[in-house]
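J.: For reference, the file my_file_35.tsv (TSV, N, CA and C atoms) is included below:
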```tsv
chain	number	residue	atom	x	y	z
A	1	THR	N	0.74	-12.15	-1.81
A	1	THR	CA	-0.33	-12.04	-0.84
A	1	THR	C	-0.36	-13.28	0.04
A	2	PRO	N	-0.75	-13.11	1.29
A	2	PRO	CA	-0.81	-14.25	2.20
A	2	PRO	C	-1.91	-15.22	1.79
A	3	GLU	N	-1.73	-16.48	2.19
A	3	GLU	CA	-2.75	-17.51	1.90
A	3	GLU	C	-4.00	-17.28	2.73
A	4	HIS	N	-3.86	-16.71	3.92
A	4	HIS	CA	-4.97	-16.47	4.82
A	4	HIS	C	-5.01	-14.98	5.14
A	5	PRO	N	-6.20	-14.47	5.47
A	5	PRO	CA	-6.27	-13.06	5.84
A	5	PRO	C	-5.38	-12.76	7.04
A	6	VAL	N	-4.75	-11.60	7.02
A	6	VAL	CA	-3.96	-11.15	8.17
A	6	VAL	C	-4.68	-9.95	8.75
A	7	MET	N	-4.76	-9.90	10.07
A	7	MET	CA	-5.54	-8.87	10.72
A	7	MET	C	-4.65	-8.04	11.64
A	8	VAL	N	-4.85	-6.74	11.57
A	8	VAL	CA	-4.22	-5.82	12.51
A	8	VAL	C	-5.33	-4.99	13.13
A	9	GLU	N	-5.11	-4.59	14.37
A	9	GLU	CA	-6.06	-3.69	15.02
A	9	GLU	C	-5.60	-2.28	14.74
A	10	GLY	N	-6.52	-1.42	14.37
A	10	GLY	CA	-6.09	-0.06	14.14
A	10	GLY	C	-7.19	0.84	13.64
A	11	ASP	N	-6.81	2.07	13.47
A	11	ASP	CA	-7.70	3.10	12.97
A	11	ASP	C	-7.68	3.06	11.45
A	12	HIS	N	-8.82	2.74	10.88
A	12	HIS	CA	-8.95	2.59	9.42
A	12	HIS	C	-8.45	3.83	8.69
A	13	ASP	N	-8.85	5.00	9.14
A	13	ASP	CA	-8.49	6.24	8.46
A	13	ASP	C	-6.98	6.50	8.51
A	14	LEU	N	-6.38	6.34	9.67
A	14	LEU	CA	-4.93	6.56	9.79
A	14	LEU	C	-4.14	5.60	8.92
A	15	LEU	N	-4.52	4.32	8.95
A	15	LEU	CA	-3.79	3.34	8.16
A	15	LEU	C	-4.01	3.55	6.67
A	16	HIS	N	-5.22	3.95	6.29
A	16	HIS	CA	-5.50	4.26	4.89
A	16	HIS	C	-4.62	5.41	4.41
A	17	ARG	N	-4.51	6.46	5.21
A	17	ARG	CA	-3.68	7.61	4.84
A	17	ARG	C	-2.21	7.20	4.70
A	18	ALA	N	-1.75	6.35	5.61
A	18	ALA	CA	-0.35	5.92	5.55
A	18	ALA	C	-0.08	5.13	4.27
A	19	ILE	N	-0.93	4.18	3.96
A	19	ILE	CA	-0.74	3.35	2.76
A	19	ILE	C	-0.90	4.20	1.50
A	20	PHE	N	-1.87	5.10	1.50
A	20	PHE	CA	-2.08	5.99	0.36
A	20	PHE	C	-0.82	6.83	0.11
A	21	ASN	N	-0.28	7.44	1.17
A	21	ASN	CA	0.91	8.29	1.01
A	21	ASN	C	2.11	7.51	0.52
A	22	LEU	N	2.32	6.31	1.04
A	22	LEU	CA	3.45	5.50	0.57
A	22	LEU	C	3.29	5.13	-0.90
A	23	THR	N	2.08	4.75	-1.27
A	23	THR	CA	1.83	4.35	-2.66
A	23	THR	C	1.95	5.54	-3.61
A	24	LEU	N	1.40	6.69	-3.22
A	24	LEU	CA	1.51	7.89	-4.05
A	24	LEU	C	2.97	8.28	-4.24
A	25	ASN	N	3.75	8.26	-3.18
A	25	ASN	CA	5.18	8.58	-3.29
A	25	ASN	C	5.88	7.63	-4.25
A	26	ALA	N	5.55	6.35	-4.17
A	26	ALA	CA	6.18	5.36	-5.05
A	26	ALA	C	5.81	5.61	-6.50
A	27	VAL	N	4.54	5.90	-6.76
A	27	VAL	CA	4.11	6.19	-8.13
A	27	VAL	C	4.82	7.43	-8.66
A	28	GLN	N	4.95	8.45	-7.83
A	28	GLN	CA	5.62	9.68	-8.26
A	28	GLN	C	7.12	9.48	-8.46
A	29	ALA	N	7.72	8.54	-7.73
A	29	ALA	CA	9.16	8.30	-7.85
A	29	ALA	C	9.50	7.40	-9.03
A	30	ALA	N	8.57	6.53	-9.42
A	30	ALA	CA	8.82	5.59	-10.51
A	30	ALA	C	8.91	6.34	-11.84
A	31	PRO	N	9.79	5.88	-12.72
A	31	PRO	CA	9.88	6.52	-14.04
A	31	PRO	C	8.63	6.20	-14.87
A	32	THR	N	8.42	6.95	-15.95
A	32	THR	CA	7.32	6.66	-16.86
A	32	THR	C	7.44	5.22	-17.32
A	33	GLY	N	6.37	4.47	-17.18
A	33	GLY	CA	6.40	3.05	-17.53
A	33	GLY	C	7.05	2.19	-16.46
A	34	GLY	N	7.36	2.80	-15.31
A	34	GLY	CA	8.02	2.07	-14.22
A	34	GLY	C	7.06	1.15	-13.50
A	35	ARG	N	7.54	0.61	-12.41
A	35	ARG	CA	6.77	-0.40	-11.69
A	35	ARG	C	6.69	-0.06	-10.21
A	36	VAL	N	5.51	-0.21	-9.65
A	36	VAL	CA	5.28	-0.08	-8.21
A	36	VAL	C	4.59	-1.36	-7.76
A	37	THR	N	5.11	-1.96	-6.71
A	37	THR	CA	4.47	-3.17	-6.18
A	37	THR	C	4.09	-2.94	-4.72
A	38	VAL	N	2.96	-3.49	-4.35
A	38	VAL	CA	2.50	-3.46	-2.98
A	38	VAL	C	2.26	-4.90	-2.59
A	39	GLU	N	2.86	-5.32	-1.49
A	39	GLU	CA	2.66	-6.69	-1.04
A	39	GLU	C	2.45	-6.73	0.46
A	40	VAL	N	1.70	-7.72	0.88
A	40	VAL	CA	1.42	-7.93	2.30
A	40	VAL	C	1.89	-9.32	2.65
A	41	VAL	N	2.68	-9.40	3.72
A	41	VAL	CA	3.24	-10.67	4.15
A	41	VAL	C	3.04	-10.81	5.65
A	42	SER	N	2.65	-11.98	6.08
A	42	SER	CA	2.53	-12.28	7.50
A	42	SER	C	3.86	-12.84	7.98
A	43	LEU	N	4.39	-12.27	9.07
A	43	LEU	CA	5.67	-12.72	9.61
A	43	LEU	C	5.48	-13.33	10.99
A	44	SER	N	6.10	-14.47	11.21
A	44	SER	CA	6.07	-15.07	12.54
A	44	SER	C	7.02	-14.27	13.43
A	45	VAL	N	6.97	-14.52	14.72
A	45	VAL	CA	7.81	-13.79	15.66
A	45	VAL	C	9.29	-13.90	15.28
A	46	ASP	N	9.73	-15.09	14.88
A	46	ASP	CA	11.15	-15.27	14.56
A	46	ASP	C	11.53	-14.70	13.19
A	47	GLN	N	10.55	-14.27	12.40
A	47	GLN	CA	10.85	-13.64	11.10
A	47	GLN	C	10.93	-12.12	11.19
A	48	THR	N	10.55	-11.55	12.33
A	48	THR	CA	10.61	-10.10	12.46
A	48	THR	C	12.07	-9.69	12.70
A	49	PRO	N	12.44	-8.50	12.23
A	49	PRO	CA	13.83	-8.06	12.40
A	49	PRO	C	14.25	-8.05	13.87
A	50	SER	N	15.51	-8.38	14.11
A	50	SER	CA	16.01	-8.41	15.49
A	50	SER	C	15.92	-7.02	16.09
A	51	GLY	N	15.66	-6.98	17.38
A	51	GLY	CA	15.53	-5.72	18.08
A	51	GLY	C	14.10	-5.19	18.12
A	52	LEU	N	13.21	-5.81	17.36
A	52	LEU	CA	11.81	-5.40	17.37
A	52	LEU	C	11.01	-6.50	18.05
A	53	SER	N	10.11	-6.10	18.92
A	53	SER	CA	9.34	-7.13	19.64
A	53	SER	C	7.88	-7.09	19.22
A	54	PHE	N	7.51	-8.11	18.47
A	54	PHE	CA	6.12	-8.31	18.08
A	54	PHE	C	5.75	-9.67	18.67
A	55	ASP	N	5.04	-9.65	19.78
A	55	ASP	CA	4.75	-10.86	20.54
A	55	ASP	C	4.02	-11.95	19.76
A	56	ARG	N	3.18	-11.56	18.80
A	56	ARG	CA	2.40	-12.54	18.04
A	56	ARG	C	2.81	-12.59	16.58
A	57	GLY	N	3.87	-11.90	16.23
A	57	GLY	CA	4.25	-11.79	14.84
A	57	GLY	C	3.81	-10.45	14.29
A	58	ALA	N	4.01	-10.26	13.00
A	58	ALA	CA	3.73	-8.96	12.41
A	58	ALA	C	3.17	-9.11	11.00
A	59	VAL	N	2.56	-8.05	10.56
A	59	VAL	CA	2.16	-7.92	9.17
A	59	VAL	C	3.15	-6.95	8.55
A	60	ALA	N	3.74	-7.36	7.44
A	60	ALA	CA	4.65	-6.49	6.71
A	60	ALA	C	3.95	-6.03	5.44
A	61	LEU	N	3.80	-4.72	5.30
A	61	LEU	CA	3.26	-4.13	4.08
A	61	LEU	C	4.45	-3.47	3.39
A	62	ARG	N	4.75	-3.94	2.18
A	62	ARG	CA	5.91	-3.42	1.44
A	62	ARG	C	5.44	-2.68	0.20
A	63	VAL	N	5.93	-1.46	0.05
A	63	VAL	CA	5.65	-0.66	-1.15
A	63	VAL	C	7.00	-0.39	-1.80
A	64	THR	N	7.15	-0.88	-3.03
A	64	THR	CA	8.44	-0.82	-3.72
A	64	THR	C	8.27	-0.14	-5.07
A	65	ASP	N	9.23	0.74	-5.39
A	65	ASP	CA	9.23	1.37	-6.71
A	65	ASP	C	10.58	1.15	-7.36
A	66	ASP	N	10.64	1.37	-8.68
A	66	ASP	CA	11.91	1.22	-9.39
A	66	ASP	C	12.46	2.58	-9.84
A	67	GLY	N	12.23	3.57	-9.00
A	67	GLY	CA	12.73	4.92	-9.26
A	67	GLY	C	14.21	5.06	-8.95
A	68	PRO	N	14.70	6.29	-8.93
A	68	PRO	CA	16.14	6.54	-8.76
A	68	PRO	C	16.64	6.41	-7.32
A	69	GLY	N	15.78	6.14	-6.38
A	69	GLY	CA	16.20	6.03	-4.99
A	69	GLY	C	16.15	7.37	-4.29
A	70	ILE	N	16.39	7.33	-3.00
A	70	ILE	CA	16.34	8.53	-2.17
A	70	ILE	C	17.77	9.02	-1.98
A	71	PRO	N	18.05	10.29	-2.30
A	71	PRO	CA	19.41	10.80	-2.12
A	71	PRO	C	19.87	10.70	-0.66
A	72	ASP	N	21.14	10.41	-0.47
A	72	ASP	CA	21.69	10.26	0.88
A	72	ASP	C	21.39	11.46	1.77
A	73	GLU	N	21.51	12.66	1.22
A	73	GLU	CA	21.33	13.86	2.05
A	73	GLU	C	19.88	14.05	2.51
A	74	VAL	N	18.95	13.33	1.91
A	74	VAL	CA	17.54	13.44	2.28
A	74	VAL	C	17.12	12.35	3.27
A	75	ARG	N	17.82	11.24	3.27
A	75	ARG	CA	17.39	10.08	4.07
A	75	ARG	C	17.26	10.37	5.56
A	76	GLU	N	18.16	11.19	6.10
A	76	GLU	CA	18.12	11.47	7.54
A	76	GLU	C	16.88	12.23	7.95
A	77	SER	N	16.29	12.99	7.03
A	77	SER	CA	15.15	13.83	7.38
A	77	SER	C	13.85	13.38	6.71
A	78	LEU	N	13.79	12.12	6.28
A	78	LEU	CA	12.61	11.62	5.58
A	78	LEU	C	11.30	11.85	6.33
A	79	PHE	N	11.32	11.67	7.62
A	79	PHE	CA	10.09	11.71	8.39
A	79	PHE	C	9.86	13.04	9.10
A	80	GLU	N	10.69	14.05	8.78
A	80	GLU	CA	10.51	15.38	9.37
A	80	GLU	C	9.50	16.17	8.54
A	81	PRO	N	8.58	16.86	9.21
A	81	PRO	CA	7.58	17.63	8.46
A	81	PRO	C	8.20	18.74	7.62
A	82	PHE	N	7.58	19.00	6.50
A	82	PHE	CA	7.89	20.10	5.59
A	82	PHE	C	9.22	19.95	4.86
A	83	ILE	N	9.81	18.76	4.87
A	83	ILE	CA	11.00	18.48	4.08
A	83	ILE	C	10.52	17.74	2.83
A	84	THR	N	10.80	18.30	1.66
A	84	THR	CA	10.35	17.67	0.42
A	84	THR	C	11.35	17.91	-0.70
A	85	THR	N	11.37	17.00	-1.64
A	85	THR	CA	12.19	17.16	-2.84
A	85	THR	C	11.30	17.34	-4.06
A	86	LYS	N	9.99	17.33	-3.85
A	86	LYS	CA	9.04	17.43	-4.96
A	86	LYS	C	8.59	18.87	-5.15
A	87	PRO	N	8.59	19.35	-6.39
A	87	PRO	CA	8.02	20.68	-6.64
A	87	PRO	C	6.55	20.69	-6.22
A	88	GLY	N	6.19	21.63	-5.39
A	88	GLY	CA	4.81	21.72	-4.94
A	88	GLY	C	4.44	20.75	-3.84
A	89	GLY	N	5.41	19.94	-3.38
A	89	GLY	CA	5.13	18.98	-2.31
A	89	GLY	C	5.01	19.67	-0.97
A	90	SER	N	4.22	19.10	-0.07
A	90	SER	CA	4.02	19.70	1.25
A	90	SER	C	5.05	19.21	2.27
A	91	GLY	N	5.65	18.06	2.01
A	91	GLY	CA	6.56	17.50	2.99
A	91	GLY	C	5.85	16.87	4.17
A	92	LEU	N	4.57	16.54	3.99
A	92	LEU	CA	3.81	15.94	5.10
A	92	LEU	C	3.49	14.47	4.90
A	93	GLY	N	3.66	13.93	3.70
A	93	GLY	CA	3.30	12.55	3.42
A	93	GLY	C	3.99	11.54	4.31
A	94	LEU	N	5.32	11.56	4.32
A	94	LEU	CA	6.05	10.58	5.13
A	94	LEU	C	5.92	10.82	6.63
A	95	PRO	N	5.87	12.08	7.10
A	95	PRO	CA	5.60	12.26	8.54
A	95	PRO	C	4.24	11.68	8.95
A	96	ILE	N	3.23	11.79	8.08
A	96	ILE	CA	1.92	11.20	8.37
A	96	ILE	C	2.05	9.68	8.46
A	97	VAL	N	2.79	9.09	7.52
A	97	VAL	CA	3.02	7.64	7.54
A	97	VAL	C	3.68	7.24	8.85
A	98	HIS	N	4.74	7.93	9.20
A	98	HIS	CA	5.52	7.59	10.39
A	98	HIS	C	4.66	7.68	11.65
A	99	ARG	N	3.92	8.76	11.79
A	99	ARG	CA	3.10	8.95	13.00
A	99	ARG	C	1.96	7.93	13.06
A	100	ALA	N	1.34	7.64	11.93
A	100	ALA	CA	0.25	6.66	11.91
A	100	ALA	C	0.75	5.28	12.30
A	101	VAL	N	1.90	4.89	11.78
A	101	VAL	CA	2.45	3.57	12.08
A	101	VAL	C	2.89	3.50	13.54
A	102	GLU	N	3.55	4.53	14.04
A	102	GLU	CA	3.96	4.55	15.45
A	102	GLU	C	2.74	4.50	16.37
A	103	ALA	N	1.65	5.15	15.98
A	103	ALA	CA	0.43	5.13	16.80
A	103	ALA	C	-0.14	3.73	16.92
A	104	HIS	N	0.25	2.85	16.00
A	104	HIS	CA	-0.21	1.46	16.03
A	104	HIS	C	0.90	0.52	16.52
A	105	THR	N	1.86	1.06	17.23
A	105	THR	CA	3.03	0.34	17.77
A	105	THR	C	3.78	-0.42	16.68
A	106	GLY	N	3.85	0.17	15.52
A	106	GLY	CA	4.59	-0.42	14.41
A	106	GLY	C	5.83	0.38	14.09
A	107	VAL	N	6.52	-0.03	13.04
A	107	VAL	CA	7.73	0.67	12.59
A	107	VAL	C	7.71	0.76	11.07
A	108	VAL	N	8.44	1.75	10.56
A	108	VAL	CA	8.62	1.92	9.13
A	108	VAL	C	10.11	1.73	8.84
A	109	LEU	N	10.41	0.82	7.92
A	109	LEU	CA	11.80	0.58	7.50
A	109	LEU	C	11.95	1.05	6.06
A	110	VAL	N	13.13	1.58	5.73
A	110	VAL	CA	13.38	2.10	4.40
A	110	VAL	C	14.64	1.47	3.84
A	111	ASP	N	14.55	0.99	2.61
A	111	ASP	CA	15.71	0.45	1.90
A	111	ASP	C	15.70	1.13	0.53
A	112	SER	N	16.75	1.91	0.25
A	112	SER	CA	16.77	2.66	-0.99
A	112	SER	C	18.15	2.60	-1.64
A	113	GLY	N	18.13	2.52	-2.94
A	113	GLY	CA	19.36	2.49	-3.72
A	113	GLY	C	19.10	3.06	-5.09
A	114	PRO	N	20.08	3.01	-5.97
A	114	PRO	CA	19.93	3.63	-7.29
A	114	PRO	C	18.89	2.97	-8.20
A	115	THR	N	18.41	1.79	-7.81
A	115	THR	CA	17.41	1.11	-8.66
A	115	THR	C	16.04	1.04	-8.00
A	116	GLY	N	15.82	1.83	-6.96
A	116	GLY	CA	14.49	1.86	-6.37
A	116	GLY	C	14.51	1.98	-4.86
A	117	THR	N	13.30	2.07	-4.33
A	117	THR	CA	13.11	2.23	-2.89
A	117	THR	C	12.02	1.29	-2.42
A	118	ARG	N	12.20	0.73	-1.23
A	118	ARG	CA	11.18	-0.09	-0.60
A	118	ARG	C	10.93	0.46	0.81
A	119	PHE	N	9.66	0.77	1.06
A	119	PHE	CA	9.22	1.10	2.41
A	119	PHE	C	8.50	-0.12	2.94
A	120	THR	N	8.87	-0.56	4.13
A	120	THR	CA	8.21	-1.69	4.78
A	120	THR	C	7.59	-1.21	6.07
A	121	VAL	N	6.29	-1.37	6.17
A	121	VAL	CA	5.56	-1.04	7.39
A	121	VAL	C	5.33	-2.34	8.13
A	122	LEU	N	5.78	-2.41	9.37
A	122	LEU	CA	5.56	-3.58	10.22
A	122	LEU	C	4.55	-3.20	11.30
A	123	LEU	N	3.47	-3.96	11.35
A	123	LEU	CA	2.44	-3.75	12.36
A	123	LEU	C	2.20	-5.06	13.09
A	124	PRO	N	1.92	-5.00	14.39
A	124	PRO	CA	1.67	-6.24	15.13
A	124	PRO	C	0.41	-6.93	14.64
A	125	LEU	N	0.49	-8.26	14.56
A	125	LEU	CA	-0.70	-9.05	14.23
A	125	LEU	C	-1.74	-8.89	15.32
A	126	GLN	N	-3.00	-8.91	14.93
A	126	GLN	CA	-4.09	-8.83	15.88
A	126	GLN	C	-4.14	-10.13	16.68
A	127	GLN	N	-4.45	-10.00	17.95
A	127	GLN	CA	-4.58	-11.17	18.81
A	127	GLN	C	-5.74	-12.03	18.30
A	128	ALA	N	-5.55	-13.34	18.29
A	128	ALA	CA	-6.60	-14.25	17.82
A	128	ALA	C	-7.84	-14.09	18.68
A	129	GLN	N	-8.98	-14.12	18.03
A	129	GLN	CA	-10.26	-13.93	18.74
A	129	GLN	C	-10.76	-15.25	19.25
```
Take the structure from the file and write it as C-alpha cells.
T.:
Amino acid sequence: TPEHPVMVEGDHDLLHRAIFNLTLNAVQAAPTGGRVTVEVVSLSVDQTPSGLSFDRGAVALRVTDDGPGIPDEVRESLFEPFITTKPGGSGLGLPIVHRAVEAHTGVVLVDSGPTGTRFTVLLPLQQAQ
C-alpha cells in the first residue's frame, strides 16, 4: 500500500464494479487454499509503461492470483462480452472491467502464466487540489 493516499477521479459505482469483478475472478481462479493479493501503487510519470501517457502519473491497482493462468486460446477474447470459461458464467465480468477503466481514461494490462494471473488497472492520478 502507498505511504500516502492516492486519488483518482471517477465514478464510484463503475470503479467498484471493476474491482469487484477482478477480485471475484481471481478468487474463482485460485486453487483451494490459494492466494489472491490486491495492491495499490502510485506510479510517477516515468514509472508508467512506455506508450501510455499519464501526465501526472498513475495509480496501479494489481489483482493477482496463483491459479492455473489463462489459456492462450482465451486471451485474445478476454474483454469480449459473453465469452466465458466458467460453468454458469455470463462472460460479462471482464468486459465491464474494460469499459469502466476505459471510461476513466485508464488501461487494463494482463500478465498470465501457469502459476497465476495478474490484472493491472492503470488510472490517471487526480490533479492536485
J.: Please provide the set of residues having any atom within 7 Å of A:Val121, restricted to only C-alpha atoms, with same-chain residues fewer than 2 positions apart removed, written as a compact mmCIF listing (two decimals) with N, CA and C atoms, keeping the file's coordinate frame.
T.:
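Contents of out-v4.txt, as written:
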```txt
# COMPACT_ATOMS: atom_id res chain seq x y z
N ALA A 60 3.74 -7.36 7.44
CA ALA A 60 4.65 -6.49 6.71
C ALA A 60 3.95 -6.03 5.44
N LEU A 61 3.80 -4.72 5.30
CA LEU A 61 3.26 -4.13 4.08
C LEU A 61 4.45 -3.47 3.39
N ARG A 62 4.75 -3.94 2.18
CA ARG A 62 5.91 -3.42 1.44
C ARG A 62 5.44 -2.68 0.20
N VAL A 107 6.52 -0.03 13.04
CA VAL A 107 7.73 0.67 12.59
C VAL A 107 7.71 0.76 11.07
N VAL A 108 8.44 1.75 10.56
CA VAL A 108 8.62 1.92 9.13
C VAL A 108 10.11 1.73 8.84
N LEU A 109 10.41 0.82 7.92
CA LEU A 109 11.80 0.58 7.50
C LEU A 109 11.95 1.05 6.06
N PHE A 119 9.66 0.77 1.06
CA PHE A 119 9.22 1.10 2.41
C PHE A 119 8.50 -0.12 2.94
N LEU A 123 3.47 -3.96 11.35
CA LEU A 123 2.44 -3.75 12.36
C LEU A 123 2.20 -5.06 13.09
```
J.: Determine the nearest neighbour of A:Leu43 from the options A:Ala58, A:Ala30, A:Glu102, A:His16, counting only N, CA and C atoms.
T.: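 With only N, CA and C atoms as the atom set, the closest residue is A:Ala58.
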J.: Kindly provide, as a PyMOL selection string, the polymer residues lying within 7 Å of (17.6, 2.9, -5.4), counting only C-alpha atoms and using the coordinates exactly as they appear in the file.
T.: chain A and resi 67-70+112-117
J.: Neighbouring residues of A:Gly57 were defined as those with any atom within 6 Å, considering only C-alpha atoms; residues of the same chain fewer than 3 positions away were excluded. Please report them as an mmCIF file with N, CA and C atoms, keeping the file's coordinate frame.
T.:
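What follows is the written file result.cif:
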```
data_model
loop_
_atom_site.group_PDB
_atom_site.id
_atom_site.type_symbol
_atom_site.label_atom_id
_atom_site.label_comp_id
_atom_site.auth_asym_id
_atom_site.auth_seq_id
_atom_site.Cartn_x
_atom_site.Cartn_y
_atom_site.Cartn_z
ATOM 1 N N LEU A 43 4.390 -12.270 9.070
ATOM 2 C CA LEU A 43 5.670 -12.720 9.610
ATOM 3 C C LEU A 43 5.480 -13.330 10.990
ATOM 4 N N SER A 44 6.100 -14.470 11.210
ATOM 5 C CA SER A 44 6.070 -15.070 12.540
ATOM 6 C C SER A 44 7.020 -14.270 13.430
ATOM 7 N N VAL A 45 6.970 -14.520 14.720
ATOM 8 C CA VAL A 45 7.810 -13.790 15.660
ATOM 9 C C VAL A 45 9.290 -13.900 15.280
ATOM 10 N N PHE A 54 7.510 -8.110 18.470
ATOM 11 C CA PHE A 54 6.120 -8.310 18.080
ATOM 12 C C PHE A 54 5.750 -9.670 18.670
ATOM 13 N N LEU A 125 0.490 -8.260 14.560
ATOM 14 C CA LEU A 125 -0.700 -9.050 14.230
ATOM 15 C C LEU A 125 -1.740 -8.890 15.320
#
```
J.: Apply DSSP to the backbone of this structure and, from stretch 19-48 of chain A, keep only the residues in strand (DSSP E); write these as a PyMOL selection string.
T.: chain A and resi 36-43
